[in-house]
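In what follows, a structure is listed as structure tokens, so that the remarks can point back to it.
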Amino acid sequence: MNIFALMFNKELEPEDYYLSPEGYIVFTEKYLLKRGFCCKNGCKHCPYGYNKNTGQIDKKNDKKE
């Protein structure tokens with residue numbers, strides 16, 4: 001079992017994330033869509049259009065449309 005499985009209670013596929021040059025876990029748009037909801041943390045690849053500056057989901061930039 002890997003560290004991600006321990007942290008998220010499930011196995012992550014290789015296409016679900018990558019490590020940034022700084023060592024951070026960065027979730028892909030594919031994983032965030034598979035997860036099924038916006039966590040409102042301002043994820044780099046957020047498919048739900050969340051704007052961390054306003055705290056709102058910006059429908060204009062929503063990639064699901």
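Each chain in the structure tokens gets a letter, A, B, ..., in the order shown, and its residues are numbered from 1; ligands are numbered from 1 in order too.
Residues surrounding Phe37 of chain A within 12 Å are A:Glu29, A:Tyr31, A:Leu32, A:Leu33, A:Lys34, A:Lys40, A:Asn41, A:Cys43, A:Cys46, A:Pro47, A:Tyr48, A:Gly49, A:Tyr50, A:Ile57 [only C-alpha atoms; sequence separation below 3 positions excluded].
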**Request:** Could you find all residues in segment 14-46 of chain A that DSSP calls strand (DSSP E or B) from the backbone, and write them as a ChimeraX atom specification?
**Result:** /A:17-19,25-27
Export of prior selection with C-alpha atoms as a tab-separated table (two decimals), in the first residue's frame:
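Now in part_7.tsv:
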```tsv
chain	number	residue	atom	x	y	z
A	17	TYR	CA	-1.88	13.04	-9.83
A	18	TYR	CA	1.68	14.14	-10.33
A	19	LEU	CA	4.33	15.64	-8.07
A	25	ILE	CA	0.79	16.32	-4.87
A	26	VAL	CA	-1.12	17.92	-7.77
A	27	PHE	CA	-4.39	16.23	-8.70
```
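Among the candidate residues A:Ser20, A:Thr28, A:Lys10, A:Gly42, the one lying nearest to Gly55 of chain A is A:Gly42, with distances computed using only C-alpha atoms.
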